[in-house]
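The file query_24.txt comes next; it holds compact mmCIF, C-alpha atoms.
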# COMPACT_ATOMS: atom_id res chain seq x y z
CA MET Q 761 20.12 -1.12 -6.77
CA ASN Q 762 20.04 -4.03 -9.18
CA GLN Q 763 20.62 -3.01 -12.82
CA HIS Q 764 17.44 -4.88 -13.78
CA ASP Q 765 15.38 -3.03 -11.20
CA SER Q 766 12.91 -0.87 -13.11
CA ARG Q 767 10.72 0.01 -10.13
CA PRO Q 768 9.85 3.69 -10.06
CA THR Q 769 10.51 6.40 -7.54
CA ILE Q 770 7.55 8.75 -7.26
CA LYS Q 771 7.88 12.24 -5.77
CA THR Q 772 5.09 14.25 -4.20
CA GLN Q 773 5.16 17.54 -2.33
CA ARG Q 774 6.18 15.94 0.97
CA LEU Q 775 6.94 12.33 0.09
CA LEU Q 776 9.25 10.06 -1.82
CA LEU Q 777 7.76 6.70 -2.78
CA ARG Q 778 10.78 4.54 -3.45
CA PRO Q 779 11.77 0.90 -3.78
CA LEU Q 780 12.49 -0.71 -0.44
CA GLN Q 781 16.02 -1.93 0.24
CA LEU Q 782 17.02 -4.81 2.51
CA SER Q 783 18.36 -2.20 4.94
CA ASP Q 784 14.76 -1.01 5.44
CA GLY Q 785 13.84 -4.34 7.02
CA PHE Q 786 14.38 -3.21 10.61
CA ASP Q 787 12.13 -0.16 10.22
CA VAL Q 788 9.45 -2.19 8.40
CA GLN Q 789 9.43 -4.77 11.20
CA ARG Q 790 9.41 -2.09 13.92
CA MET Q 791 6.48 -0.13 12.46
CA ALA Q 792 4.41 -2.92 10.87
CA GLY Q 793 4.89 -5.07 13.95
CA LYS Q 794 2.85 -2.73 16.13
CA SER Q 795 -0.58 -4.18 16.92
CA LYS Q 796 -2.42 -0.98 15.89
CA VAL Q 797 -0.91 -1.25 12.38
CA ALA Q 798 -1.21 -5.03 12.01
CA GLU Q 799 -4.83 -5.15 13.22
CA ASN Q 800 -5.89 -3.07 10.21
CA THR Q 801 -4.09 -5.13 7.55
CA LEU Q 802 -5.20 -8.56 6.37
CA TYR Q 803 -1.83 -10.18 5.68
CA MET Q 804 0.52 -8.46 8.15
CA PRO Q 805 2.20 -11.06 10.37
CA PHE Q 806 1.73 -10.42 14.09
CA PRO Q 807 3.84 -10.68 16.01
CA TYR Q 808 6.27 -9.75 13.24
CA PRO Q 809 9.13 -12.33 13.23
CA ASP Q 810 12.77 -11.41 12.64
CA GLY Q 811 13.91 -11.77 9.02
CA ILE Q 812 10.42 -11.76 7.46
CA ALA Q 813 10.65 -8.13 6.33
CA GLU Q 814 13.92 -8.79 4.50
CA GLU Q 815 12.47 -11.92 2.86
CA TRP Q 816 9.46 -9.88 1.70
CA ILE Q 817 11.61 -7.02 0.40
CA ALA Q 818 13.77 -9.49 -1.54
CA THR Q 819 10.72 -10.50 -3.63
CA HIS Q 820 9.89 -6.99 -4.85
CA VAL Q 821 12.15 -6.69 -7.91
CA LYS Q 822 11.00 -10.02 -9.37
CA ASP Q 823 7.34 -9.35 -8.56
CA PHE Q 824 7.50 -6.03 -10.41
CA GLN Q 825 9.40 -7.51 -13.35
CA GLU Q 826 6.69 -10.17 -13.63
CA LYS Q 827 4.03 -7.44 -13.37
CA LYS Q 828 2.49 -9.02 -10.28
CA GLN Q 829 3.06 -6.31 -7.72
CA LEU Q 830 4.60 -2.92 -7.07
CA VAL Q 831 5.57 -2.15 -3.47
CA LEU Q 832 7.21 1.12 -2.48
CA GLY Q 833 8.39 2.58 0.78
CA ILE Q 834 6.78 5.85 1.82
CA CYS Q 835 9.48 8.28 2.94
CA ARG Q 836 9.38 11.91 4.01
CA ARG Q 837 11.29 14.04 1.52
CA SER Q 838 12.53 16.32 4.30
CA ASP Q 839 14.63 13.68 6.07
CA LYS Q 840 14.24 10.54 3.86
CA LYS Q 841 12.75 8.70 6.87
CA LEU Q 842 10.71 5.59 6.04
CA ILE Q 843 7.21 6.05 7.47
CA GLY Q 844 5.22 3.26 5.80
CA CYS Q 845 4.60 1.26 2.63
CA ILE Q 846 2.19 1.37 -0.28
CA GLY Q 847 1.60 -1.11 -3.04
CA LEU Q 848 -0.45 -2.32 -5.94
CA THR Q 849 -1.29 -5.95 -6.60
CA LEU Q 850 -1.38 -5.90 -10.38
CA LYS Q 851 -3.84 -7.81 -12.53
CA MET Q 852 -2.56 -6.70 -15.92
CA GLU Q 853 -4.72 -9.12 -17.92
CA ILE Q 854 -7.83 -7.25 -16.74
CA GLU Q 855 -6.09 -3.85 -16.34
CA ASN Q 856 -6.81 -3.40 -12.65
CA ALA Q 857 -4.88 -3.21 -9.41
CA GLU Q 858 -5.63 -3.56 -5.73
CA LEU Q 859 -4.22 -0.79 -3.56
CA GLY Q 860 -2.83 -1.48 -0.11
CA TYR Q 861 -0.93 0.70 2.34
CA TRP Q 862 0.10 1.16 5.94
CA ILE Q 863 1.67 4.02 7.85
CA GLY Q 864 3.69 3.72 11.06
CA GLU Q 865 1.53 4.68 14.03
CA GLU Q 866 3.72 7.66 14.97
CA PHE Q 867 3.00 9.19 11.53
CA TRP Q 868 -0.80 8.84 11.53
CA ASN Q 869 -3.17 11.77 10.98
CA GLN Q 870 -0.75 13.85 8.92
CA GLY Q 871 -2.16 13.14 5.44
CA PHE Q 872 0.74 10.93 4.36
CA ALA Q 873 -1.39 7.92 3.35
CA THR Q 874 -3.69 10.12 1.23
CA GLU Q 875 -0.76 11.84 -0.48
CA ALA Q 876 0.89 8.49 -1.24
CA ALA Q 877 -2.36 6.92 -2.45
CA LYS Q 878 -3.07 9.79 -4.86
CA ALA Q 879 0.45 9.50 -6.28
CA ILE Q 880 0.46 5.74 -6.82
CA ILE Q 881 -3.04 5.82 -8.33
CA GLN Q 882 -1.91 8.48 -10.79
CA TYR Q 883 1.22 6.43 -11.58
CA SER Q 884 -0.91 3.32 -12.19
CA PHE Q 885 -3.10 5.16 -14.69
CA GLU Q 886 -0.32 7.02 -16.50
CA SER Q 887 2.55 4.52 -16.48
CA LEU Q 888 1.05 1.05 -15.99
CA ASN Q 889 -2.06 1.53 -18.15
CA ILE Q 890 -4.30 0.39 -15.32
CA HIS Q 891 -8.00 1.10 -15.92
CA LYS Q 892 -9.23 0.67 -12.34
CA VAL Q 893 -7.72 0.74 -8.86
CA TYR Q 894 -9.70 -0.71 -5.98
CA ALA Q 895 -9.14 -1.19 -2.26
CA ASN Q 896 -10.85 -2.63 0.80
CA TYR Q 897 -10.83 -1.69 4.45
CA PHE Q 898 -12.12 -3.29 7.62
CA SER Q 899 -15.33 -1.61 8.80
CA ASN Q 900 -13.70 -0.85 12.17
CA ASN Q 901 -11.03 1.30 10.44
CA PRO Q 902 -12.92 4.33 9.07
CA ALA Q 903 -9.68 6.34 8.83
CA SER Q 904 -8.67 4.14 5.90
CA GLY Q 905 -11.98 4.91 4.22
CA ARG Q 906 -11.28 8.63 4.56
CA VAL Q 907 -7.89 8.10 2.90
CA MET Q 908 -9.58 6.35 -0.02
CA GLU Q 909 -12.23 9.07 -0.38
CA LYS Q 910 -9.63 11.85 -0.28
CA ALA Q 911 -7.66 9.97 -2.95
CA GLY Q 912 -10.72 10.15 -5.24
CA MET Q 913 -12.07 6.64 -4.67
CA VAL Q 914 -15.78 5.97 -4.16
CA GLN Q 915 -17.52 3.27 -2.16
CA GLU Q 916 -18.70 0.48 -4.42
CA GLY Q 917 -19.71 -2.16 -1.94
CA TYR Q 918 -19.97 -3.58 1.52
CA LEU Q 919 -19.08 -7.22 2.20
CA LYS Q 920 -20.52 -8.62 5.43
CA GLU Q 921 -18.21 -10.92 7.44
CA HIS Q 922 -16.07 -11.29 4.32
CA VAL Q 923 -12.72 -12.23 5.89
CA ARG Q 924 -11.54 -14.00 9.00
CA HIS Q 925 -8.86 -11.94 10.70
CA TRP Q 926 -7.39 -12.44 14.17
CA GLY Q 927 -10.07 -14.96 15.03
CA GLU Q 928 -13.13 -12.98 13.99
CA TYR Q 929 -15.08 -12.38 10.82
CA LYS Q 930 -14.79 -8.80 9.62
CA ASP Q 931 -16.88 -6.69 7.29
CA LEU Q 932 -15.15 -4.94 4.40
CA PHE Q 933 -15.94 -1.73 2.58
CA VAL Q 934 -14.92 -1.81 -1.09
CA TYR Q 935 -13.74 1.37 -2.84
CA GLY Q 936 -12.63 2.02 -6.41
CA ILE Q 937 -11.56 4.60 -8.95
CA VAL Q 938 -11.40 4.33 -12.74
CA LYS Q 939 -8.95 6.03 -15.02
CA PRO Q 940 -10.34 9.36 -16.21
CA ARG Q 941 -11.32 9.30 -19.88
CA GLY Q 942 -9.89 11.77 -22.33
How does the structure come out when it is put into structure tokens?
Amino acid sequence: MNQHDSRPTIKTQRLLLRPLQLSDGFDVQRMAGKSKVAENTLYMPFPYPDGIAEEWIATHVKDFQEKKQLVLGICRRSDKKLIGCIGLTLKMEIENAELGYWIGEEFWNQGFATEAAKAIIQYSFESLNIHKVYANYFSNNPASGRVMEKAGMVQEGYLKEHVRHWGEYKDLFVYGIVKPRG
């Protein structure tokens, strides 16, 4: 790891949220390149071209240093296996952050996204001085809404045909959570 890399590693009961390394590129491409993962994320390339994951990972240190973004790999503590990614797009001037995440299809329905979301939200409040974390999900992906609810977020809005994705306009649900006072 680069000596100027101040990105955190966050531990939960079952997970390790850690900075991605270039060597993670193959696994990122393999998991994120599956249509069932990409269809639920706005900016995931599909099909996922060779080399794009490594280019993306190479931006993470600088983006965190410039307080633009924090992206971490989601790994199981038991075997250190990368199972997905989670991140915050930081808007420090207004003390908020947009949460985004994806989990490899073979690891769905095991509570990993919820556990990771709770941990990064807590980190954002305690270590980044973020006041509010928000997230969106496509209306045809209610599982993501359940993750947000279990992580303590509440629905704040519904945006009809808000984004064009894969050739169609999609509705978004908007969720948020504010830093507890006191």
From Q:Ser884, Q:Thr874, Q:Asn856, Q:Asn896, residue lying nearest Lys910 (chain Q) [only C-alpha atoms]: Q:Thr874
Interatomic distance (Å, one decimal) between CA of Val923 (chain Q) and CA of Tyr894 (chain Q):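 CA of Val923 (chain Q) sits 16.8 Å away from CA of Tyr894 (chain Q).
Candidate residues Q:Ser887, Q:Thr801, Q:Ser904, Q:Gln829 were compared for distance to Ala873 (chain Q), and the nearest is Q:Ser904, using only C-alpha atoms.
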Nearest candidate to Val831 (chain Q) (options Q:Ile812, Q:Met791, Q:Leu859, Q:Leu802; using all atoms listed in the file):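 Residue with the minimum atom-to-atom distance to Val831 (chain Q): Q:Leu859.
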Contacts of Leu775 (chain Q) at 12 Å (all atoms listed in the file; same-chain gap of 2+ positions) as a VMD selection string: chain Q and resid 769 to 773 777 to 778 832 to 846 870 to 880
Long-range neighbours of Ala798 (chain Q) as a list in words, 12 Å cut-off, all atoms listed in the file, 2 positions minimum in chain: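 So, after excluding close chain neighbours, the residues are Val788, Gln789, Arg790, Met791, Ala792, Gly793, Lys794, Ser795, Lys796, Asn800, Thr801, Leu802, Tyr803, Met804, Pro805, Phe806, Pro807, Tyr808, Tyr861, Trp862, Ile863, Gly864, Glu865, Phe898, Asn901, His925 and Trp926 of chain Q.
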Residue nearest Ile890 (chain Q) among Q:Lys851, Q:Arg906, Q:Arg774, Q:Arg941 (counting all atoms listed in the file):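 Closest to Ile890 (chain Q) of all the choices is Q:Lys851.
For the atom pair formed by CA of Glu815 (chain Q) and CA of Ser783 (chain Q), the distance is 11.6 Å, given to one decimal.
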Give me the residues within 12 Å of Asn889 (chain Q) as a compact mmCIF listing (two decimals) with C-alpha atoms, in the coordinates of the input, counting only C-alpha atoms and dropping any in the same chain fewer than 2 places off.
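Wrote it out as around.txt, contents follow:
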# COMPACT_ATOMS: atom_id res chain seq x y z
CA LYS Q 827 4.03 -7.44 -13.37
CA LEU Q 850 -1.38 -5.90 -10.38
CA LYS Q 851 -3.84 -7.81 -12.53
CA MET Q 852 -2.56 -6.70 -15.92
CA GLU Q 853 -4.72 -9.12 -17.92
CA ILE Q 854 -7.83 -7.25 -16.74
CA GLU Q 855 -6.09 -3.85 -16.34
CA ASN Q 856 -6.81 -3.40 -12.65
CA ALA Q 857 -4.88 -3.21 -9.41
CA ILE Q 881 -3.04 5.82 -8.33
CA GLN Q 882 -1.91 8.48 -10.79
CA TYR Q 883 1.22 6.43 -11.58
CA SER Q 884 -0.91 3.32 -12.19
CA PHE Q 885 -3.10 5.16 -14.69
CA GLU Q 886 -0.32 7.02 -16.50
CA SER Q 887 2.55 4.52 -16.48
CA HIS Q 891 -8.00 1.10 -15.92
CA LYS Q 892 -9.23 0.67 -12.34
CA VAL Q 893 -7.72 0.74 -8.86
CA VAL Q 938 -11.40 4.33 -12.74
CA LYS Q 939 -8.95 6.03 -15.02
CA PRO Q 940 -10.34 9.36 -16.21
CA of Val907 (chain Q) to CA of Asp784 (chain Q), straight-line distance in Å: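 So the two atoms, CA of Asp784 (chain Q) and CA of Val907 (chain Q), lie 24.5 Å apart.
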Pick from Q:Glu799, Q:Glu909, Q:Asp765, Q:Glu814, whichever lies nearest to Leu782 (chain Q) using only C-alpha atoms: Q:Glu814
From Q:Tyr897, Q:Leu888, Q:Phe786, Q:His764, residue lying nearest His922 (chain Q) [all atoms listed in the file]: Q:Tyr897
Only N, CA and C atoms, please: region 797-819 of chain Q from the block, as a tab-separated table (two decimals), in the first residue's frame.
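Saved the output as result-v3.tsv:
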chain	number	residue	atom	x	y	z
Q	797	VAL	N	-25.95	-8.18	-11.61
Q	797	VAL	CA	-25.34	-7.13	-10.77
Q	797	VAL	C	-25.41	-5.79	-11.51
Q	798	ALA	N	-24.96	-5.79	-12.75
Q	798	ALA	CA	-24.89	-4.54	-13.52
Q	798	ALA	C	-26.27	-3.91	-13.75
Q	799	GLU	N	-27.31	-4.72	-13.88
Q	799	GLU	CA	-28.63	-4.17	-14.18
Q	799	GLU	C	-29.20	-3.36	-13.02
Q	800	ASN	N	-28.63	-3.53	-11.83
Q	800	ASN	CA	-29.11	-2.81	-10.65
Q	800	ASN	C	-28.22	-1.64	-10.24
Q	801	THR	N	-27.21	-1.33	-11.05
Q	801	THR	CA	-26.30	-0.23	-10.74
Q	801	THR	C	-26.27	0.74	-11.93
Q	802	LEU	N	-26.32	2.01	-11.64
Q	802	LEU	CA	-26.44	3.01	-12.69
Q	802	LEU	C	-25.19	3.12	-13.55
Q	803	TYR	N	-24.01	3.08	-12.95
Q	803	TYR	CA	-22.79	3.37	-13.71
Q	803	TYR	C	-21.91	2.17	-14.00
Q	804	MET	N	-22.39	0.96	-13.72
Q	804	MET	CA	-21.58	-0.24	-13.97
Q	804	MET	C	-21.50	-0.50	-15.47
Q	805	PRO	N	-20.28	-0.60	-16.03
Q	805	PRO	CA	-20.20	-0.91	-17.46
Q	805	PRO	C	-20.69	-2.34	-17.71
Q	806	PHE	N	-21.39	-2.54	-18.82
Q	806	PHE	CA	-21.82	-3.87	-19.19
Q	806	PHE	C	-21.92	-3.95	-20.70
Q	807	PRO	N	-21.27	-4.90	-21.32
Q	807	PRO	CA	-20.35	-5.83	-20.67
Q	807	PRO	C	-19.15	-5.10	-20.07
Q	808	TYR	N	-18.50	-5.75	-19.13
Q	808	TYR	CA	-17.41	-5.14	-18.36
Q	808	TYR	C	-16.08	-5.39	-19.09
Q	809	PRO	N	-15.50	-4.35	-19.73
Q	809	PRO	CA	-14.28	-4.56	-20.53
Q	809	PRO	C	-13.05	-4.86	-19.68
Q	810	ASP	N	-12.12	-5.59	-20.27
Q	810	ASP	CA	-10.84	-5.87	-19.62
Q	810	ASP	C	-10.12	-4.56	-19.31
Q	811	GLY	N	-9.48	-4.49	-18.14
Q	811	GLY	CA	-8.65	-3.36	-17.76
Q	811	GLY	C	-9.40	-2.22	-17.08
Q	812	ILE	N	-10.71	-2.16	-17.21
Q	812	ILE	CA	-11.50	-1.06	-16.63
Q	812	ILE	C	-11.48	-1.11	-15.10
Q	813	ALA	N	-11.56	-2.31	-14.54
Q	813	ALA	CA	-11.55	-2.44	-13.08
Q	813	ALA	C	-10.25	-1.89	-12.51
Q	814	GLU	N	-9.14	-2.24	-13.12
Q	814	GLU	CA	-7.84	-1.77	-12.64
Q	814	GLU	C	-7.71	-0.25	-12.78
Q	815	GLU	N	-8.23	0.30	-13.89
Q	815	GLU	CA	-8.20	1.76	-14.05
Q	815	GLU	C	-9.01	2.44	-12.95
Q	816	TRP	N	-10.17	1.87	-12.64
Q	816	TRP	CA	-11.05	2.41	-11.59
Q	816	TRP	C	-10.36	2.33	-10.23
Q	817	ILE	N	-9.80	1.17	-9.92
Q	817	ILE	CA	-9.12	0.97	-8.63
Q	817	ILE	C	-7.96	1.96	-8.47
Q	818	ALA	N	-7.26	2.24	-9.55
Q	818	ALA	CA	-6.11	3.15	-9.51
Q	818	ALA	C	-6.49	4.58	-9.14
Q	819	THR	N	-7.77	4.93	-9.24
Q	819	THR	CA	-8.22	6.29	-8.89
Q	819	THR	C	-8.56	6.45	-7.41
